[in-house]
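Enquirer: Structure file model-v2.txt, compact mmCIF, C-alpha atoms and all ligand atoms, is pasted below:
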```txt
# COMPACT_ATOMS: atom_id res chain seq x y z
CA MET A 662 68.08 76.28 12.88
CA SER A 663 71.83 76.53 13.08
CA ARG A 664 73.89 75.19 10.19
CA PHE A 665 76.34 73.96 12.80
CA TRP A 666 73.89 71.48 14.32
CA SER A 667 74.39 67.74 13.87
CA ASP A 668 71.70 65.65 12.14
CA VAL A 669 70.88 64.06 15.49
CA VAL A 670 70.07 67.44 17.02
CA ARG A 671 68.05 68.53 13.97
CA GLY A 672 65.83 65.48 14.40
CA LEU A 673 65.18 66.08 18.09
CA THR A 674 61.90 67.29 19.53
CA PRO A 675 62.95 68.96 22.78
CA TYR A 676 61.05 67.81 25.84
CA VAL A 677 59.54 70.82 27.54
CA PRO A 678 59.00 69.81 31.14
CA GLY A 679 55.59 71.22 32.25
CA GLU A 680 55.53 74.94 32.39
CA GLN A 681 57.41 76.53 35.25
CA PRO A 682 56.02 80.08 35.24
CA LYS A 683 57.87 82.64 37.35
CA LEU A 684 54.80 84.22 38.95
CA ALA A 685 54.03 84.75 42.60
CA ASN A 686 50.88 83.42 44.33
CA LEU A 687 50.24 80.68 41.85
CA VAL A 688 48.25 77.60 42.66
CA LYS A 689 50.64 75.38 40.81
CA LEU A 690 48.97 72.09 39.96
CA ASN A 691 50.71 71.34 36.65
CA THR A 692 53.91 69.35 37.24
CA ASN A 693 53.00 66.80 39.93
CA GLU A 694 55.25 68.18 42.62
CA ASN A 695 54.45 67.35 46.24
CA PRO A 696 52.57 70.18 47.97
CA TYR A 697 54.34 69.39 51.25
CA GLY A 698 57.96 70.26 51.94
CA PRO A 699 60.78 67.72 52.18
CA SER A 700 61.39 65.82 55.40
CA PRO A 701 62.85 68.19 58.05
CA ARG A 702 65.56 65.58 58.55
CA ALA A 703 66.53 65.83 54.88
CA LEU A 704 66.71 69.62 55.16
CA GLU A 705 68.92 69.35 58.26
CA ALA A 706 71.23 66.89 56.51
CA ILE A 707 71.54 69.20 53.49
CA ALA A 708 72.31 72.17 55.74
CA ALA A 709 74.92 70.14 57.64
CA GLU A 710 76.60 69.13 54.36
CA ALA A 711 76.61 72.71 53.03
CA GLY A 712 79.95 73.66 54.51
CA ASP A 713 83.64 73.15 53.99
CA SER A 714 83.09 69.66 52.55
CA LEU A 715 81.77 71.23 49.35
CA ARG A 716 85.44 71.85 48.42
CA LEU A 717 85.70 68.13 47.85
CA TYR A 718 84.25 66.01 45.06
CA PRO A 719 81.34 63.79 46.10
CA ASP A 720 81.56 60.00 46.30
CA PRO A 721 81.30 58.98 42.61
CA ASN A 722 79.44 55.82 43.61
CA ALA A 723 77.13 57.46 46.16
CA ASP A 724 77.62 54.33 48.28
CA ARG A 725 75.76 55.73 51.31
CA LEU A 726 72.72 56.44 49.19
CA LYS A 727 72.80 53.06 47.46
CA ALA A 728 72.98 51.43 50.89
CA ALA A 729 70.01 53.48 52.17
CA ILE A 730 67.92 52.57 49.11
CA ALA A 731 68.92 48.91 49.39
CA VAL A 732 67.89 48.80 53.06
CA HIS A 733 64.59 50.52 52.32
CA HIS A 734 63.68 48.08 49.54
CA GLY A 735 65.23 44.91 50.97
CA ILE A 736 67.73 44.50 48.10
CA THR A 737 71.53 44.75 47.80
CA PRO A 738 73.51 47.90 46.85
CA ALA A 739 74.75 46.04 43.74
CA GLN A 740 71.12 46.06 42.55
CA VAL A 741 70.92 49.87 42.78
CA PHE A 742 71.87 52.62 40.33
CA VAL A 743 71.48 56.30 41.25
CA GLY A 744 71.22 59.30 38.96
CA ASN A 745 70.47 62.97 38.70
CA GLY A 746 66.69 62.63 38.72
CA SER A 747 64.92 59.64 37.22
CA ASP A 748 65.03 61.42 33.86
CA GLU A 749 68.78 60.83 33.80
CA VAL A 750 68.36 57.25 34.97
CA LEU A 751 65.86 56.67 32.15
CA ALA A 752 68.17 58.32 29.61
CA HIS A 753 70.98 55.95 30.57
CA ALA A 754 68.59 52.99 30.41
CA PHE A 755 67.57 53.95 26.87
CA MET A 756 71.17 54.01 25.74
CA ALA A 757 72.47 51.06 27.75
CA LEU A 758 69.57 48.62 27.58
CA LEU A 759 66.82 49.63 25.16
CA LYS A 760 68.65 50.33 21.90
CA HIS A 761 68.36 47.24 19.71
CA ASP A 762 67.25 46.38 16.18
CA ALA A 763 63.64 45.73 17.14
CA PRO A 764 61.32 48.60 18.22
CA LEU A 765 60.99 49.75 21.82
CA LEU A 766 57.37 49.23 22.90
CA PHE A 767 55.61 51.90 24.97
CA PRO A 768 52.06 53.27 25.28
CA ASP A 769 50.80 55.98 22.92
CA ILE A 770 49.62 58.04 25.86
CA SER A 771 52.47 58.03 28.31
CA TYR A 772 55.47 59.98 29.55
CA SER A 773 56.44 62.36 26.73
CA PHE A 774 60.13 61.81 27.47
CA TYR A 775 60.15 58.32 25.90
CA PRO A 776 59.77 59.42 22.25
CA VAL A 777 62.32 62.19 22.85
CA TYR A 778 64.93 59.67 23.96
CA CYS A 779 64.07 57.37 21.09
CA GLY A 780 64.92 60.30 18.80
CA LEU A 781 68.15 61.06 20.61
CA TYR A 782 69.42 57.51 20.61
CA GLY A 783 68.05 56.42 17.23
CA ILE A 784 65.65 53.88 18.72
CA GLU A 785 62.59 52.88 16.70
CA PRO A 786 59.45 53.55 18.76
CA GLY A 787 56.82 50.79 18.80
CA ILE A 788 53.70 52.63 19.91
CA VAL A 789 51.04 50.51 21.64
CA PRO A 790 47.65 52.24 22.04
CA LEU A 791 45.90 52.33 25.41
CA ASP A 792 42.55 50.50 25.55
CA ASP A 793 39.16 52.23 25.37
CA HIS A 794 39.33 53.00 29.10
CA PHE A 795 42.78 54.64 28.73
CA ARG A 796 44.50 51.68 30.40
CA ILE A 797 47.62 49.73 29.44
CA ARG A 798 46.66 46.24 28.24
CA ILE A 799 49.48 43.77 28.90
CA ASP A 800 48.21 41.35 26.24
CA ASP A 801 49.03 43.99 23.62
CA TYR A 802 52.72 43.72 24.61
CA ILE A 803 52.97 39.94 24.88
CA GLY A 804 54.24 38.09 21.83
CA ARG A 805 55.31 41.21 19.92
CA ALA A 806 58.89 41.34 18.68
CA ASN A 807 60.62 44.08 20.63
CA GLY A 808 63.97 45.47 21.67
CA GLY A 809 62.56 46.44 25.04
CA ILE A 810 59.38 47.57 26.77
CA ILE A 811 58.89 50.66 28.93
CA PHE A 812 55.84 52.12 30.65
CA PRO A 813 55.10 54.09 33.80
CA ASN A 814 53.12 52.40 36.55
CA PRO A 815 50.91 54.21 37.46
CA ASN A 816 50.81 55.54 33.92
CA ALA A 817 51.24 59.26 33.30
CA PRO A 818 49.26 61.36 32.51
CA THR A 819 46.29 59.01 32.99
CA GLY A 820 47.08 57.84 36.56
CA SER A 821 45.89 54.29 35.85
CA LEU A 822 47.56 51.43 37.69
CA LEU A 823 48.51 47.95 36.57
CA PRO A 824 48.42 45.34 39.34
CA LEU A 825 51.74 43.66 40.07
CA SER A 826 50.31 40.34 38.82
CA GLU A 827 49.99 41.85 35.32
CA ILE A 828 53.63 42.96 35.30
CA GLU A 829 54.61 39.49 36.49
CA ARG A 830 52.59 37.97 33.63
CA LEU A 831 54.37 40.21 31.12
CA LEU A 832 57.77 39.21 32.52
CA GLU A 833 56.91 35.52 32.38
CA HIS A 834 56.18 35.90 28.65
CA ASN A 835 58.86 38.45 27.75
CA THR A 836 62.22 37.04 28.76
CA ASN A 837 64.47 38.17 25.90
CA SER A 838 64.40 41.94 26.28
CA VAL A 839 64.53 44.45 29.10
CA VAL A 840 61.28 45.63 30.69
CA VAL A 841 61.54 49.03 32.37
CA VAL A 842 58.80 49.94 34.83
CA ASP A 843 58.91 53.67 35.55
CA GLU A 844 57.47 54.00 39.05
CA ALA A 845 57.64 57.77 39.48
CA TYR A 846 54.19 57.75 41.13
CA VAL A 847 54.01 54.28 42.67
CA ASP A 848 54.04 55.46 46.30
CA PHE A 849 50.59 57.05 45.94
CA GLY A 850 48.71 53.78 45.58
CA GLY A 851 50.70 51.19 43.63
CA GLU A 852 52.74 48.16 44.55
CA SER A 853 56.38 48.32 43.49
CA ALA A 854 57.80 45.79 41.04
CA ILE A 855 61.12 46.00 42.92
CA SER A 856 59.93 42.87 44.73
CA LEU A 857 60.26 41.02 41.37
CA ILE A 858 63.87 41.90 40.46
CA ASP A 859 65.36 38.77 42.04
CA ARG A 860 63.12 36.59 39.85
CA PHE A 861 63.45 38.47 36.57
CA PRO A 862 66.98 39.45 35.46
CA ASN A 863 65.51 41.58 32.62
CA LEU A 864 63.43 43.84 34.89
CA LEU A 865 64.58 47.37 35.67
CA VAL A 866 62.45 49.44 38.04
CA VAL A 867 63.00 53.21 38.06
CA GLN A 868 61.90 55.49 40.89
CA THR A 869 62.35 59.12 41.84
CA LEU A 870 62.58 61.21 45.00
CA SER A 871 60.84 64.09 43.17
CA LYS A 872 57.26 63.13 43.96
CA SER A 873 56.54 61.13 47.12
CA ARG A 874 59.67 62.43 48.88
CA SER A 875 59.14 66.08 47.91
CA LEU A 876 62.66 66.51 46.53
CA ALA A 877 62.10 67.49 42.89
CA GLY A 878 64.59 70.33 43.32
CA LEU A 879 67.37 68.02 44.53
CA ARG A 880 67.28 65.82 41.37
CA VAL A 881 67.64 62.28 42.65
CA GLY A 882 66.34 59.14 40.98
CA PHE A 883 67.36 55.51 41.04
CA ALA A 884 66.94 52.17 39.35
CA ALA A 885 66.69 48.71 40.88
CA GLY A 886 67.50 45.58 38.92
CA HIS A 887 69.87 42.68 38.37
CA PRO A 888 73.55 43.70 38.95
CA ASP A 889 74.20 43.00 35.25
CA LEU A 890 71.68 45.69 34.21
CA ILE A 891 73.07 48.05 36.85
CA GLU A 892 76.58 47.57 35.53
CA ALA A 893 75.45 48.60 32.02
CA LEU A 894 73.96 51.80 33.46
CA GLU A 895 77.16 52.53 35.40
CA ARG A 896 79.20 52.21 32.22
CA VAL A 897 77.05 54.75 30.40
CA LYS A 898 77.02 57.09 33.39
CA ASN A 899 80.78 57.03 33.71
CA SER A 900 81.15 57.91 30.06
CA PHE A 901 79.08 61.07 30.52
CA ASN A 902 79.77 62.21 34.05
CA SER A 903 81.40 60.30 36.86
CA TYR A 904 79.76 62.50 39.52
CA PRO A 905 76.03 62.45 38.80
CA LEU A 906 75.00 63.28 42.36
CA ASP A 907 76.43 66.16 44.34
CA ARG A 908 77.14 66.10 48.06
CA LEU A 909 73.94 67.92 49.02
CA ALA A 910 71.81 65.53 46.96
CA ILE A 911 73.44 62.47 48.51
CA ALA A 912 73.08 63.81 52.07
CA GLY A 913 69.46 64.91 51.59
CA ALA A 914 68.38 61.74 49.83
CA VAL A 915 69.93 59.46 52.47
CA ALA A 916 68.13 61.36 55.24
CA ALA A 917 64.86 61.27 53.27
CA PHE A 918 65.06 57.48 53.12
CA GLU A 919 65.72 57.35 56.85
CA ASP A 920 62.57 59.35 57.62
CA ASP A 921 59.95 56.82 56.68
CA ALA A 922 57.29 58.18 59.01
CA TYR A 923 57.34 61.61 57.35
CA PHE A 924 57.23 60.05 53.87
CA ARG A 925 54.25 57.87 54.73
CA ALA A 926 52.36 60.74 56.36
CA CYS A 927 52.84 62.92 53.23
CA CYS A 928 51.67 60.16 50.89
CA ASP A 929 48.61 59.51 53.09
CA LYS A 930 47.69 63.20 53.04
CA VAL A 931 47.98 63.36 49.25
CA VAL A 932 45.88 60.20 48.82
CA ALA A 933 43.17 61.55 51.16
CA SER A 934 43.09 64.84 49.21
CA ARG A 935 42.88 62.91 45.95
CA THR A 936 39.80 61.02 47.14
CA ARG A 937 38.20 64.28 48.21
CA LEU A 938 39.08 66.08 44.96
CA VAL A 939 37.81 63.22 42.77
CA GLY A 940 34.45 63.25 44.59
CA ALA A 941 34.11 67.02 44.33
CA LEU A 942 35.04 67.08 40.61
CA ALA A 943 32.49 64.35 39.92
CA GLY A 944 29.97 66.57 41.69
CA LEU A 945 30.82 69.34 39.21
CA GLY A 946 30.11 66.99 36.30
CA PHE A 947 33.67 65.91 35.51
CA GLU A 948 34.54 62.40 34.42
CA VAL A 949 37.68 61.44 36.35
CA LEU A 950 39.80 58.43 35.42
CA PRO A 951 40.69 56.19 38.40
CA SER A 952 44.09 57.40 39.64
CA ALA A 953 46.77 55.79 41.78
CA ALA A 954 49.07 58.81 41.37
CA ASN A 955 49.45 62.28 42.88
CA PHE A 956 47.44 63.73 40.00
CA ILE A 957 44.11 63.07 38.34
CA PHE A 958 43.08 63.09 34.69
CA ALA A 959 39.62 64.52 34.13
CA ARG A 960 37.33 65.86 31.42
CA HIS A 961 34.08 67.75 31.43
CA PRO A 962 31.59 66.48 28.84
CA GLN A 963 30.32 69.98 28.03
CA ARG A 964 33.47 72.08 28.30
CA ASP A 965 36.55 72.49 26.18
CA ALA A 966 39.63 71.52 28.18
CA ALA A 967 41.97 74.09 26.59
CA GLN A 968 39.50 76.83 27.44
CA LEU A 969 39.03 75.58 30.99
CA ALA A 970 42.83 75.55 31.46
CA ALA A 971 43.01 79.13 30.15
CA GLN A 972 40.18 80.27 32.43
CA LEU A 973 41.90 78.70 35.43
CA ARG A 974 45.15 80.39 34.45
CA GLU A 975 43.40 83.77 34.48
CA ARG A 976 42.69 82.97 38.13
CA SER A 977 46.36 82.05 38.75
CA ILE A 978 45.64 78.31 38.88
CA ILE A 979 47.81 76.24 36.59
CA VAL A 980 46.84 72.75 35.46
CA ARG A 981 48.23 70.72 32.56
CA HIS A 982 46.52 70.42 29.19
CA PHE A 983 47.96 68.23 26.40
CA ARG A 984 47.30 69.05 22.76
CA GLN A 985 47.49 65.40 21.82
CA PRO A 986 45.01 63.18 19.95
CA ARG A 987 42.55 61.26 22.18
CA ILE A 988 43.33 63.31 25.27
CA GLU A 989 42.85 66.91 24.18
CA GLN A 990 39.65 67.14 26.23
CA PHE A 991 41.37 66.13 29.45
CA LEU A 992 43.08 68.16 32.15
CA ARG A 993 45.81 66.71 34.33
CA ILE A 994 45.56 68.16 37.79
CA THR A 995 48.22 67.65 40.48
CA ILE A 996 46.88 66.94 43.96
CA GLY A 997 47.69 70.00 46.06
CA THR A 998 46.97 70.72 49.69
CA ASP A 999 43.27 70.65 50.65
CA ALA A 1000 43.33 74.46 50.58
CA GLN A 1001 44.71 74.48 47.01
CA CYS A 1002 42.14 71.88 45.94
CA ASP A 1003 39.39 74.06 47.43
CA THR A 1004 40.67 77.11 45.50
CA LEU A 1005 40.59 75.04 42.32
CA LEU A 1006 37.09 73.68 42.99
CA GLN A 1007 35.75 77.13 43.81
CA ALA A 1008 37.21 78.51 40.56
CA LEU A 1009 35.81 75.62 38.50
CA ALA A 1010 32.37 76.06 40.07
CA GLU A 1011 32.44 79.75 39.08
CA ILE A 1012 33.66 79.02 35.55
CA LEU A 1013 31.03 76.31 35.00
CA ALA A 1014 28.27 78.55 36.34
CA GLY A 1015 29.34 81.40 34.02
N1 LIG B 1 58.84 59.40 34.88
C1 LIG B 1 57.61 59.94 34.82
C2 LIG B 1 56.48 59.08 34.39
C3 LIG B 1 57.42 61.29 35.16
O1 LIG B 1 56.20 61.84 35.08
C4 LIG B 1 58.53 62.06 35.58
C5 LIG B 1 58.37 63.50 36.00
N2 LIG B 1 57.90 64.37 35.10
C6 LIG B 1 59.79 61.46 35.59
C7 LIG B 1 59.90 60.13 35.26
C8 LIG B 1 61.05 62.23 35.91
O2 LIG B 1 61.10 62.69 37.20
P1 LIG B 1 62.49 63.20 37.84
O3 LIG B 1 63.48 63.42 36.73
O4 LIG B 1 62.13 64.45 38.55
O5 LIG B 1 62.93 62.11 38.75
```
Starting from the file, give its structure as structure tokens.
Expert:
Amino acid sequence: MSRFWSDVVRGLTPYVPGEQPKLANLVKLNTNENPYGPSPRALEAIAAEAGDSLRLYPDPNADRLKAAIAVHHGITPAQVFVGNGSDEVLAHAFMALLKHDAPLLFPDISYSFYPVYCGLYGIEPGIVPLDDHFRIRIDDYIGRANGGIIFPNPNAPTGSLLPLSEIERLLEHNTNSVVVVDEAYVDFGGESAISLIDRFPNLLVVQTLSKSRSLAGLRVGFAAGHPDLIEALERVKNSFNSYPLDRLAIAGAVAAFEDDAYFRACCDKVVASRTRLVGALAGLGFEVLPSAANFIFARHPQRDAAQLAAQLRERSIIVRHFRQPRIEQFLRITIGTDAQCDTLLQALAEILAG
């Protein structure tokens, strides 16, 4: 550890985003990317932008993109913040809206980025355990002193979904702090809380183009909320980097929002494959938690998950295993194409027979 590091950096646990191995011919089912390519219209828009205009700085406000997001969600551009992936949007939310004297409440089994940002910004984490079925229980958040609340919906890595009525109930009871709903996976079976932002000025909904819009490599995320919350995020953003999105990202993201048919078709394919995969895994003896995301969380009562993950890796299939209390016997498996799911199922059948 370098003697030149600040105390803040010494205290940080770096977030290692799922492994990104540099091997060919992998069946890569570990980081919840979309198995289908981006919209052809997005690719055309990126190619068209990749010319002389790259000499020039991008629009610092990404107005075209904010307008496209606003149209898509039936809100106003003043209710939209855009960032370099939803990770950046979340980071700004932690600093701008979630750092207060009281602890920030979030589930014990959830997106591993939250504790990392608590460490970075000196926010006290208020860990709320999931229930016995690995679900978020809203009653555990109501009535607890807090400086903010954040959770993914659907949750990651469990995939479980809270109905919108439960989020509404939380907001009715929790009016004095910001509630962030991280909807990275909502398009695969959830109902977005963006429809609630006009009613609840303390609600911030964060989404990404990395999953349902197949643009993880472009790094675009956004938040929707009351203009007052958005203004706080803009202030933080401008203090770090006034150009969070480059020209290619803006062009590609706008076109992706304009190609709704492609987006819906991709989501439908992933959901159909998920249903098929869940059934087949159950047939192999796995217990699979109900998932509304583009991944499933499953365990085999007789097999060690770490060993299963290693055996799959020997066959060039990568799934995610977490060495974390309560969930060390689970595997998180991204929904791939049907062909990738079949390769996985075939390998698991062989491993379990062996
Ligand atoms: N939130 C959750 C719950 C996630 O799983 C992820 C992706 N790992 C993100 C946010 C960040 O996604 P991105 O930065 O690609 O938008």
Enquirer: Find the spatial neighbours of A:Ala917, counting all atoms listed in the file, within a cut-off of 9 Å - ignore same-chain residues fewer than 6 positions away - and output them as a PDB file with C-alpha atoms, in the frame of the given file.
Expert:
```
ATOM      1  CA  PRO A 699      60.780  67.720  52.180  1.00  0.00           C
ATOM      2  CA  SER A 700      61.390  65.820  55.400  1.00  0.00           C
ATOM      3  CA  PRO A 701      62.850  68.190  58.050  1.00  0.00           C
ATOM      4  CA  ARG A 702      65.560  65.580  58.550  1.00  0.00           C
ATOM      5  CA  ALA A 703      66.530  65.830  54.880  1.00  0.00           C
ATOM      6  CA  LEU A 704      66.710  69.620  55.160  1.00  0.00           C
ATOM      7  CA  LEU A 870      62.580  61.210  45.000  1.00  0.00           C
ATOM      8  CA  ARG A 874      59.670  62.430  48.880  1.00  0.00           C
ATOM      9  CA  LEU A 876      62.660  66.510  46.530  1.00  0.00           C
ATOM     10  CA  TYR A 923      57.340  61.610  57.350  1.00  0.00           C
ATOM     11  CA  PHE A 924      57.230  60.050  53.870  1.00  0.00           C
TER      12      PHE A 924
END
```
Enquirer: Looking at all atoms listed in the file, which of A:Ala916, A:Leu673, A:Ala1010, A:Ala806 is the one that sits closest to A:Gly780?
Expert: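 Ranked by minimum distance to A:Gly780, first place goes to A:Leu673.
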Enquirer: With only C-alpha atoms and all ligand atoms as the atoms that count, which of A:Ser977, A:Asn902, A:Ser934, A:Asn745 lies nearest to ligand LIG 1 (chain B)?
Expert: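 Nearest to ligand LIG 1 (chain B): A:Asn745.
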Enquirer: Find, counting only C-alpha atoms, the residue in A:Arg993, A:Arg976, A:Arg880, A:Arg716 that gets nearest to A:Ile911.
Expert: A:Arg880
Enquirer: Identify the residues within 10 Å of coordinate (49.0, 55.0, 25.7) (same frame as the file), considering all atoms listed in the file, and give the answer as an NGL selection string.
Expert: :A and (767-772 or 788-792 or 795-798 or 812 or 816-819 or 987)
Enquirer: Quick one: which chain A residues come within 6 Å of ligand LIG 1 (chain B), and what is the nearest atom pair for each with the distance in Å to one decimal, counting all atoms listed in the file, rows ordered by chain and ascending number, as a Markdown table?
Expert:
```
| residue | atom | partner | partner_atom | distance |
| --- | --- | --- | --- | --- |
| A:Gly746 | CA | B:LIG1 | O5 | 3.8 |
| A:Ser747 | CA | B:LIG1 | O5 | 3.5 |
| A:Asp748 | CA | B:LIG1 | O3 | 3.8 |
| A:Tyr772 | CA | B:LIG1 | C2 | 5.0 |
| A:Pro813 | CA | B:LIG1 | C2 | 5.2 |
| A:Ala817 | CA | B:LIG1 | C2 | 5.4 |
| A:Asp843 | CA | B:LIG1 | N1 | 5.8 |
| A:Ala845 | CA | B:LIG1 | N1 | 5.0 |
| A:Thr869 | CA | B:LIG1 | O5 | 4.3 |
| A:Ser871 | CA | B:LIG1 | O4 | 4.8 |
| A:Ala877 | CA | B:LIG1 | O4 | 5.3 |
| A:Gly882 | CA | B:LIG1 | O5 | 5.0 |
```
Enquirer: Need the shell around A:Phe991: protein/DNA/RNA residues with any atom at most 9 Å away, counting all atoms listed in the file. Skip same-chain ones fewer than 5 positions apart. Format as a list in words?
Expert: Phe958, Ala959, Arg960, His961, Asp965, Ala966, Ala967, Arg981, His982 and Phe983 of chain A
